[in-house]
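Text of coords.txt, listed as compact mmCIF, C-alpha atoms:
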```txt
# COMPACT_ATOMS: atom_id res chain seq x y z
CA MET A 1 7.60 23.33 70.72
CA PRO A 2 4.24 23.83 72.47
CA VAL A 3 2.46 27.14 71.94
CA PRO A 4 -0.68 28.66 73.44
CA ARG A 5 -3.96 28.00 71.65
CA SER A 6 -4.38 31.72 70.96
CA CYS A 7 -0.97 31.90 69.24
CA PRO A 8 -1.27 32.28 65.45
CA ILE A 9 1.54 29.76 64.89
CA PRO A 10 0.48 27.09 62.33
CA ALA A 11 -0.45 23.72 63.81
CA VAL A 12 2.41 21.95 61.99
CA LEU A 13 4.89 24.07 63.97
CA ALA A 14 3.06 23.58 67.26
CA LYS A 15 3.71 19.83 66.92
CA LEU A 16 7.48 20.23 66.82
CA GLY A 17 9.40 19.04 69.85
CA SER A 18 10.52 21.48 72.50
CA LEU A 19 13.91 23.15 72.19
CA ASP A 20 16.71 22.24 74.57
CA GLN A 21 17.70 25.02 76.96
CA ASP A 22 21.35 24.20 76.27
CA ASP A 23 20.84 24.63 72.53
CA ALA A 24 21.04 28.43 72.67
CA ASP A 25 23.79 29.66 70.35
CA ARG A 26 25.23 26.15 69.90
CA LEU A 27 25.07 26.46 66.12
CA ARG A 28 26.85 29.81 66.32
CA ARG A 29 29.69 28.26 68.30
CA HIS A 30 30.15 25.56 65.67
CA LEU A 31 30.04 28.03 62.79
CA GLU A 32 32.63 30.22 64.46
CA ARG A 33 35.16 27.48 63.62
CA VAL A 34 34.72 28.13 59.88
CA PRO A 35 37.62 30.37 58.75
CA ASP A 36 36.77 33.62 57.00
CA PRO A 37 38.21 33.51 53.45
CA ARG A 38 37.93 37.28 52.92
CA ASP A 39 40.58 39.95 53.31
CA ARG A 40 40.32 41.76 56.63
CA ARG A 41 39.80 45.07 54.88
CA GLY A 42 36.26 45.83 53.84
CA ARG A 43 34.49 43.11 55.81
CA TRP A 44 31.12 44.64 56.55
CA TYR A 45 29.23 41.45 57.37
CA PRO A 46 30.68 38.94 59.89
CA LEU A 47 31.00 35.46 58.41
CA VAL A 48 29.19 33.76 61.29
CA GLY A 49 26.29 36.19 60.89
CA VAL A 50 26.06 35.48 57.16
CA LEU A 51 26.10 31.72 57.73
CA LEU A 52 23.45 31.96 60.46
CA MET A 53 21.28 34.04 58.15
CA CYS A 54 21.70 31.48 55.36
CA ALA A 55 20.82 28.67 57.80
CA CYS A 56 17.66 30.47 58.95
CA ALA A 57 16.65 31.09 55.34
CA ALA A 58 17.18 27.40 54.50
CA VAL A 59 14.86 26.39 57.36
CA SER A 60 12.38 28.81 55.76
CA GLN A 61 12.64 26.86 52.46
CA ALA A 62 14.85 29.37 50.66
CA ARG A 63 15.90 27.54 47.50
CA THR A 64 18.29 30.03 45.91
CA VAL A 65 20.81 32.66 46.96
CA GLU A 66 18.30 35.29 45.85
CA GLU A 67 15.67 33.88 48.22
CA ILE A 68 18.23 33.91 51.06
CA ALA A 69 18.82 37.61 50.39
CA GLU A 70 15.06 38.21 50.39
CA TRP A 71 14.79 36.46 53.76
CA GLY A 72 17.34 38.89 55.16
CA GLN A 73 15.30 41.82 53.85
CA ARG A 74 12.20 40.49 55.64
CA ALA A 75 13.97 39.90 58.95
CA ALA A 76 13.27 42.38 61.74
CA LEU A 77 16.02 44.75 62.84
CA GLY A 78 16.27 43.03 66.22
CA LEU A 79 16.89 39.67 64.57
CA LEU A 80 19.61 41.11 62.30
CA ASP A 81 21.20 42.53 65.44
CA ARG A 82 21.18 39.08 67.07
CA LEU A 83 22.78 37.65 63.95
CA SER A 84 25.71 40.00 64.66
CA PHE A 85 25.16 42.39 61.76
CA ARG A 86 26.35 45.98 62.20
CA ARG A 87 24.17 49.05 62.01
CA HIS A 88 24.29 50.72 58.60
CA VAL A 89 23.03 54.03 60.02
CA PRO A 90 21.65 54.68 63.54
CA GLY A 91 18.64 52.44 64.09
CA ARG A 92 18.98 50.64 60.74
CA TYR A 93 20.62 47.40 59.67
CA ARG A 94 21.48 46.20 56.21
CA SER A 95 21.46 42.52 55.26
CA PRO A 96 23.77 41.08 52.57
CA SER A 97 22.72 41.35 48.94
CA GLN A 98 22.58 38.43 46.54
CA PRO A 99 25.98 39.18 44.90
CA THR A 100 27.60 39.49 48.34
CA LEU A 101 26.12 36.19 49.51
CA THR A 102 27.20 34.45 46.30
CA ARG A 103 30.79 35.65 46.70
CA ILE A 104 30.95 34.55 50.34
CA LEU A 105 29.43 31.10 49.70
CA ALA A 106 31.71 30.56 46.71
CA ALA A 107 34.80 31.30 48.80
CA VAL A 108 33.86 29.66 52.11
CA ASP A 109 35.87 26.62 53.27
CA ALA A 110 33.35 23.90 52.34
CA ASP A 111 35.14 21.19 54.34
CA ALA A 112 35.03 23.33 57.49
CA LEU A 113 31.38 24.25 56.92
CA ASP A 114 30.34 20.62 56.45
CA ALA A 115 32.32 19.63 59.55
CA ALA A 116 30.65 22.34 61.64
CA VAL A 117 27.15 21.41 60.51
CA GLY A 118 27.81 17.68 60.92
CA ALA A 119 29.14 18.20 64.46
CA TYR A 120 26.12 20.35 65.36
CA LEU A 121 23.64 17.76 64.12
CA ALA A 122 25.56 14.89 65.71
CA GLU A 123 25.21 16.51 69.14
CA HIS A 124 21.42 16.22 68.86
CA ARG A 125 21.26 12.57 67.79
CA PRO A 126 19.01 10.58 70.13
CA GLY A 127 20.28 7.38 71.69
CA PRO A 128 19.35 4.61 69.21
CA ALA A 129 17.16 1.71 70.25
CA VAL A 130 19.37 -0.57 68.15
CA ARG A 131 23.00 -0.50 67.08
CA PRO A 132 23.67 2.90 65.39
CA ALA A 133 24.04 2.80 61.61
CA ILE A 134 25.29 5.18 58.93
CA ALA A 135 24.64 4.98 55.19
CA VAL A 136 27.21 6.13 52.62
CA ASP A 137 25.82 7.29 49.30
CA GLY A 138 26.47 9.89 46.61
CA LYS A 139 24.36 12.57 44.95
CA ALA A 140 24.84 14.65 41.82
CA LEU A 141 24.09 18.39 41.80
CA LYS A 142 22.80 18.36 38.24
CA GLY A 143 22.18 22.09 37.88
CA SER A 144 25.80 22.98 38.75
CA ALA A 145 27.21 21.96 35.33
CA ARG A 146 28.55 24.90 33.33
CA LEU A 147 30.38 25.49 30.01
CA GLY A 148 31.53 21.95 29.47
CA ARG A 149 32.31 21.38 33.14
CA ARG A 150 30.57 18.36 34.62
CA HIS A 151 28.15 18.77 37.47
CA ARG A 152 29.38 18.63 41.05
CA HIS A 153 29.04 15.34 42.89
CA LEU A 154 28.84 14.91 46.67
CA LEU A 155 29.34 11.86 48.87
CA SER A 156 27.47 11.84 52.18
CA ALA A 157 27.40 9.87 55.42
CA VAL A 158 23.80 9.84 56.69
CA ALA A 159 22.52 8.44 59.99
CA HIS A 160 19.78 5.87 59.41
CA ALA A 161 17.27 7.16 61.93
CA PRO A 162 16.52 9.95 61.80
CA ALA A 163 18.06 10.59 58.37
CA ILE A 164 20.64 13.27 59.28
CA THR A 165 23.74 14.10 57.26
CA LEU A 166 26.78 13.75 59.54
CA ALA A 167 29.49 14.33 56.93
CA GLN A 168 29.69 15.40 53.31
CA ARG A 169 32.54 15.59 50.82
CA GLU A 170 32.86 16.64 47.20
CA VAL A 171 34.04 13.98 44.77
CA ASP A 172 36.87 15.21 42.58
CA ALA A 173 35.97 15.40 38.90
CA LYS A 174 38.95 13.18 38.00
CA THR A 175 38.08 10.37 40.43
CA ASN A 176 34.98 8.54 41.62
CA GLU A 177 33.13 8.05 44.89
CA THR A 178 35.39 5.25 46.11
CA ALA A 179 38.35 7.64 46.44
CA ALA A 180 36.30 9.84 48.79
CA PHE A 181 35.10 6.99 51.03
CA ARG A 182 37.89 7.10 53.60
CA PRO A 183 38.26 10.91 53.75
CA LEU A 184 34.49 11.17 54.30
CA LEU A 185 34.49 8.84 57.32
CA GLU A 186 37.97 9.59 58.69
CA LYS A 187 36.93 12.11 61.36
CA LEU A 188 33.73 10.37 62.48
CA ASP A 189 33.64 8.26 65.62
CA LEU A 190 32.47 4.94 64.17
CA GLU A 191 33.31 2.52 66.95
CA GLY A 192 30.48 -0.02 67.20
CA THR A 193 28.57 1.64 64.34
CA VAL A 194 27.27 -0.29 61.31
CA VAL A 195 28.22 1.36 58.00
CA THR A 196 26.04 0.40 55.04
CA PHE A 197 26.85 1.01 51.39
CA ASP A 198 26.07 -0.26 47.92
CA ALA A 199 28.24 -2.35 45.62
CA LEU A 200 30.25 0.65 44.37
CA HIS A 201 31.86 1.05 47.80
CA SER A 202 32.31 -2.67 48.46
CA VAL A 203 36.07 -2.28 48.07
CA GLN A 204 38.13 -4.69 50.13
CA ASP A 205 40.77 -2.19 51.32
CA SER A 206 38.09 0.26 52.46
CA VAL A 207 36.17 -2.44 54.30
CA ARG A 208 39.28 -3.74 56.01
CA TRP A 209 40.09 -0.16 57.13
CA LEU A 210 36.60 0.25 58.56
CA VAL A 211 36.88 -2.84 60.75
CA THR A 212 40.52 -2.75 61.82
CA GLU A 213 41.12 0.99 62.24
CA LYS A 214 37.69 2.56 62.81
CA LYS A 215 36.40 -0.40 64.90
CA ALA A 216 33.14 -0.31 62.94
CA HIS A 217 30.95 -3.00 61.39
CA TYR A 218 29.71 -3.05 57.83
CA ILE A 219 26.99 -4.42 55.59
CA ALA A 220 28.27 -4.50 52.02
CA VAL A 221 26.19 -5.30 48.94
CA ILE A 222 28.14 -7.61 46.63
CA LYS A 223 27.68 -7.53 42.86
CA GLY A 224 29.74 -8.22 39.76
CA ASN A 225 32.54 -5.81 40.73
CA GLN A 226 33.59 -8.47 43.27
CA PRO A 227 33.26 -11.52 40.98
CA THR A 228 34.83 -14.13 43.28
CA ALA A 229 32.84 -13.13 46.36
CA TYR A 230 29.66 -12.79 44.27
CA ALA A 231 30.04 -16.30 42.81
CA GLN A 232 30.69 -17.74 46.27
CA LEU A 233 27.62 -16.03 47.73
CA LYS A 234 25.35 -17.29 44.95
CA ALA A 235 26.69 -20.83 45.42
CA LEU A 236 25.72 -21.00 49.11
CA PRO A 237 22.90 -23.47 49.93
CA TRP A 238 20.15 -20.87 50.05
CA ASP A 239 17.51 -23.34 48.87
CA GLN A 240 18.13 -25.37 52.00
CA THR A 241 17.85 -22.30 54.27
CA ALA A 242 14.51 -21.12 55.61
CA VAL A 243 13.39 -17.49 55.46
CA GLN A 244 14.32 -15.98 58.82
CA HIS A 245 12.48 -12.67 58.62
CA SER A 246 9.96 -11.10 56.23
CA THR A 247 7.93 -7.90 55.97
CA SER A 248 5.24 -6.59 53.64
CA GLU A 249 3.60 -3.22 53.20
CA ALA A 250 1.20 -1.46 50.87
CA GLY A 251 0.76 2.19 50.02
CA HIS A 252 1.25 4.85 47.33
CA GLY A 253 -0.20 2.52 44.74
CA ARG A 254 2.14 -0.41 45.32
CA ARG A 255 2.68 -3.54 47.38
CA GLU A 256 6.13 -4.56 48.50
CA SER A 257 7.47 -7.56 50.41
CA ARG A 258 10.99 -8.42 51.56
CA SER A 259 12.55 -11.53 53.03
CA ILE A 260 16.00 -12.28 54.35
CA LYS A 261 18.09 -15.40 54.84
CA THR A 262 21.47 -15.46 56.59
CA LEU A 263 24.29 -18.00 56.72
CA ALA A 264 27.53 -18.09 58.69
CA VAL A 265 30.07 -17.95 55.87
CA ALA A 266 32.82 -19.75 57.80
CA ASP A 267 30.68 -22.88 57.70
CA HIS A 268 30.56 -22.99 53.89
CA LEU A 269 33.19 -23.17 51.16
CA GLY A 270 35.92 -22.17 53.59
CA GLY A 271 34.54 -18.66 53.87
CA ILE A 272 33.92 -15.78 51.47
CA ALA A 273 36.67 -13.87 49.64
CA PHE A 274 35.88 -10.64 51.44
CA PRO A 275 37.68 -9.25 54.49
CA GLU A 276 36.17 -9.70 57.96
CA ALA A 277 33.01 -11.32 56.55
CA ARG A 278 31.05 -13.26 59.17
CA LEU A 279 27.54 -13.61 57.76
CA ALA A 280 26.18 -13.85 54.23
CA LEU A 281 22.82 -12.25 53.49
CA ARG A 282 20.30 -13.00 50.77
CA ILE A 283 17.56 -10.36 50.45
CA HIS A 284 14.62 -11.05 48.15
CA ARG A 285 12.26 -8.22 47.20
CA ARG A 286 8.92 -8.26 45.40
CA ARG A 287 7.19 -5.11 44.17
CA LYS A 288 3.81 -4.73 42.50
CA ARG A 289 2.50 -1.39 41.30
CA THR A 290 -1.17 -1.04 40.44
CA GLY A 291 -1.61 -2.04 36.79
CA ASP A 292 1.98 -3.33 36.41
CA LYS A 293 3.55 -6.77 36.58
CA GLU A 294 5.25 -7.87 39.76
CA SER A 295 9.01 -7.34 39.81
CA ARG A 296 11.44 -9.49 41.77
CA GLU A 297 15.00 -8.79 42.86
CA THR A 298 17.56 -10.79 44.79
CA VAL A 299 20.46 -8.99 46.46
CA TYR A 300 23.48 -10.58 48.15
CA ALA A 301 25.48 -8.94 50.91
CA VAL A 302 28.05 -9.73 53.57
CA THR A 303 28.54 -8.29 57.03
CA SER A 304 31.19 -8.28 59.71
CA LEU A 305 28.49 -8.82 62.34
CA ASP A 306 28.15 -12.27 63.88
CA SER A 307 24.78 -13.92 64.44
CA HIS A 308 25.00 -13.22 68.18
CA GLN A 309 25.59 -9.51 67.48
CA ALA A 310 22.64 -8.96 65.12
CA GLY A 311 19.69 -11.16 64.26
CA PRO A 312 17.88 -11.34 60.90
CA HIS A 313 15.33 -8.72 62.01
CA GLU A 314 18.03 -6.15 62.82
CA LEU A 315 20.06 -6.92 59.70
CA ALA A 316 16.97 -6.55 57.50
CA GLY A 317 16.24 -3.23 59.20
CA HIS A 318 19.74 -1.92 58.49
CA VAL A 319 19.50 -2.93 54.84
CA ARG A 320 16.06 -1.36 54.52
CA ARG A 321 17.00 1.88 56.28
CA HIS A 322 20.08 2.31 54.12
CA TRP A 323 17.76 3.70 51.49
CA THR A 324 16.51 6.45 53.81
CA VAL A 325 19.37 8.39 52.29
CA GLU A 326 17.35 8.40 49.06
CA SER A 327 14.42 9.98 50.88
CA LEU A 328 16.76 12.72 52.09
CA HIS A 329 17.93 13.33 48.53
CA HIS A 330 14.29 13.37 47.42
CA ILE A 331 13.52 16.15 49.91
CA ARG A 332 16.50 18.17 48.70
CA ASP A 333 15.35 17.79 45.09
CA VAL A 334 11.61 18.30 45.54
CA THR A 335 11.27 20.64 48.51
CA PHE A 336 14.45 22.63 47.93
CA ALA A 337 14.72 22.20 44.11
CA GLU A 338 18.37 21.20 44.39
CA ASP A 339 18.64 19.67 40.92
CA ALA A 340 17.19 22.85 39.42
CA SER A 341 19.68 25.09 41.25
CA THR A 342 22.05 26.82 38.84
CA VAL A 343 24.50 27.94 41.53
CA HIS A 344 27.91 26.95 40.20
CA SER A 345 30.59 29.37 41.44
CA GLY A 346 33.40 28.01 43.61
CA ASN A 347 32.16 26.19 46.71
CA ALA A 348 28.66 27.69 46.53
CA PRO A 349 26.91 24.51 45.25
CA ARG A 350 28.32 22.42 48.09
CA ALA A 351 27.66 25.17 50.67
CA MET A 352 24.02 25.37 49.60
CA ALA A 353 23.70 21.57 49.86
CA CYS A 354 25.19 21.77 53.37
CA LEU A 355 22.61 24.39 54.39
CA ARG A 356 19.81 22.15 53.11
CA ASN A 357 21.22 19.22 55.10
CA LEU A 358 21.23 21.43 58.18
CA ALA A 359 17.62 22.54 57.70
CA ILE A 360 16.30 19.03 57.03
CA GLY A 361 18.31 17.44 59.83
CA ARG A 362 17.29 20.00 62.47
CA LEU A 363 13.61 19.78 61.58
CA LYS A 364 13.72 15.98 61.65
CA GLN A 365 15.33 16.11 65.07
CA LEU A 366 12.43 18.24 66.27
CA GLY A 367 9.94 15.69 64.97
CA ALA A 368 8.86 17.18 61.63
CA THR A 369 7.26 14.47 59.48
CA ASN A 370 6.56 16.65 56.45
CA ILE A 371 9.54 18.90 55.69
CA ALA A 372 7.80 20.69 52.80
CA LYS A 373 4.76 21.62 54.88
CA THR A 374 6.88 22.65 57.86
CA THR A 375 9.24 24.88 55.91
CA ARG A 376 6.30 26.53 54.13
CA ALA A 377 4.81 27.39 57.52
CA ILE A 378 8.12 28.94 58.64
CA ARG A 379 8.66 30.88 55.41
CA ASP A 380 7.11 34.12 56.62
CA LEU A 381 8.17 33.72 60.26
CA PRO A 382 11.86 34.69 60.43
CA GLU A 383 11.82 34.69 64.23
CA ARG A 384 10.58 31.09 64.30
CA ALA A 385 13.44 29.98 62.02
CA ALA A 386 15.89 31.62 64.42
CA GLN A 387 14.34 29.85 67.43
CA ILE A 388 14.57 26.46 65.71
CA LEU A 389 18.31 26.98 65.22
CA GLY A 390 18.83 28.06 68.81
CA ILE A 391 19.37 31.78 68.19
CA PRO A 392 18.24 33.32 71.49
CA ASP A 393 15.79 36.18 71.74
CA ASP A 394 18.44 38.48 73.17
CA PRO A 395 21.96 37.22 73.87
CA ARG A 396 22.94 40.42 75.65
CA PRO A 397 22.79 40.43 79.45
CA SER A 398 20.24 42.66 81.08
CA GLY A 399 21.33 46.21 81.72
CA THR A 400 23.49 46.51 78.62
```

Write out the structure in this file as structure tokens.
Amino acid sequence: MPVPRSCPIPAVLAKLGSLDQDDADRLRRHLERVPDPRDRRGRWYPLVGVLLMCACAAVSQARTVEEIAEWGQRAALGLLDRLSFRRHVPGRYRSPSQPTLTRILAAVDADALDAAVGAYLAEHRPGPAVRPAIAVDGKALKGSARLGRRHRHLLSAVAHAPAITLAQREVDAKTNETAAFRPLLEKLDLEGTVVTFDALHSVQDSVRWLVTEKKAHYIAVIKGNQPTAYAQLKALPWDQTAVQHSTSEAGHGRRESRSIKTLAVADHLGGIAFPEARLALRIHRRRKRTGDKESRETVYAVTSLDSHQAGPHELAGHVRRHWTVESLHHIRDVTFAEDASTVHSGNAPRAMACLRNLAIGRLKQLGATNIAKTTRAIRDLPERAAQILGIPDDPRPSGT
């Protein structure tokens, strides 16, 4: 998003990528698919306008519903007009108050909102240099617990690079993440995509569904919850297999190295007791923090990819990038104070998490490398937040 040298826009914003001409009002069109849960009588604020305002406030690092309301109070009258708000009196607009926003977010269809945001972000995904991959992982909203009710828990599908949330679903309090695995991925086009997940989701029926019905590939970590497959993996002749790829890096007060070995499972022990498994993976990690002893960890995994479809370098990259989902959760917790959020009414906790996913994903797509610094720079520039989300300067044709 290049700007003139004389423009007072902070340098961190000047480094963002340019906006696509076709992006104008694209987010609005997706949000228009979210049904309005309110009675037709007494609707002063249009739902799409409220959601656009909340999205702009999230890009401006609004952490709470109160801060979203304050963003609306700072917004210029022309911007409120472009968000589709009505005039309160001639020449004046009124933005929603905190109680109004809380009621709307608590009642909004969270599935529809997540689907709209996921579809919007998916349209901007760049063509990957390697096979596309999606990580499945869960996150607790710790501050949402109230009066003996457990905190809300969300399961997300996140693209590896850049880390963008493509789908999100709430995990029912009476079940666990595995029950939400299929519903989360059901509507995504996964053909040819690699889905990565930890041992919790290494459930044979789910994996078989991924390969046979969704035409996807998988990399599944295998631990004690799959005892037969785990024992077979450990028994493979790893000592006779050379390391096929290794990496090492240092920074933030630690050194870390990783190595990977792969074996075609059909060539050993008659295969592995796991559906569609083609390759076995052994990942060895070493970590050394300054002043601490070195730690070592060995992880076993299986994949439906053959050796001609993905080499050790690509497989190691998929396993490594699976944990980019943790960096996304870290941004939500640190930059947006998600764990400290006490929003708990209805669907409001999930709606707020969706807005954070939208803000982080859009900024990453534009090339932001430091989300905290970028959102701080946007905080007092409501117009810039609107531009980032494709809200045009004036959607009305000339002469009107």

Which residues of stretch 13-112 of chain A have any atom within 12 Å of an atom in stretch 143-166 of chain A when counting all atoms listed in the file, and what is the closest pair of atoms for each, with the distance in Å to one decimal? Order the rows by chain and rising number and write it as JSON lines.
```
{"residue": "A:Thr64", "atom": "CA", "partner": "A:Gly143", "partner_atom": "CA", "distance": 11.9}
{"residue": "A:Ala110", "atom": "CA", "partner": "A:Leu154", "partner_atom": "CA", "distance": 11.5}
{"residue": "A:Asp111", "atom": "CA", "partner": "A:Leu154", "partner_atom": "CA", "distance": 11.7}
```

Notebook entry, point to check: Which one is closest to A:Leu141: A:Pro99, A:Pro237, A:Pro349, A:Gly42? Count only C-alpha atoms.
Noted result: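 Selected residue with least distance to A:Leu141: A:Pro349.
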
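What separates atom CA of A:Ile388 from atom CA of A:Ala122 is a distance of 16.0 Å.
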
Check: What separation in Å, quoted to one decimal, exists between atom CA of A:Arg103 and atom CA of A:Gly78?
Finding: 25.4 Å

Item checked: Separation of atom CA of A:Asp339 from atom CA of A:Ser95 in Å -> 27.1 Å

Note to self: My list of candidates is A:Met352, A:Thr262, A:Lys288, A:Ser60. Which is closest to A:Val243 when distances are computed with all atoms listed in the file?
What the structure shows: A:Thr262
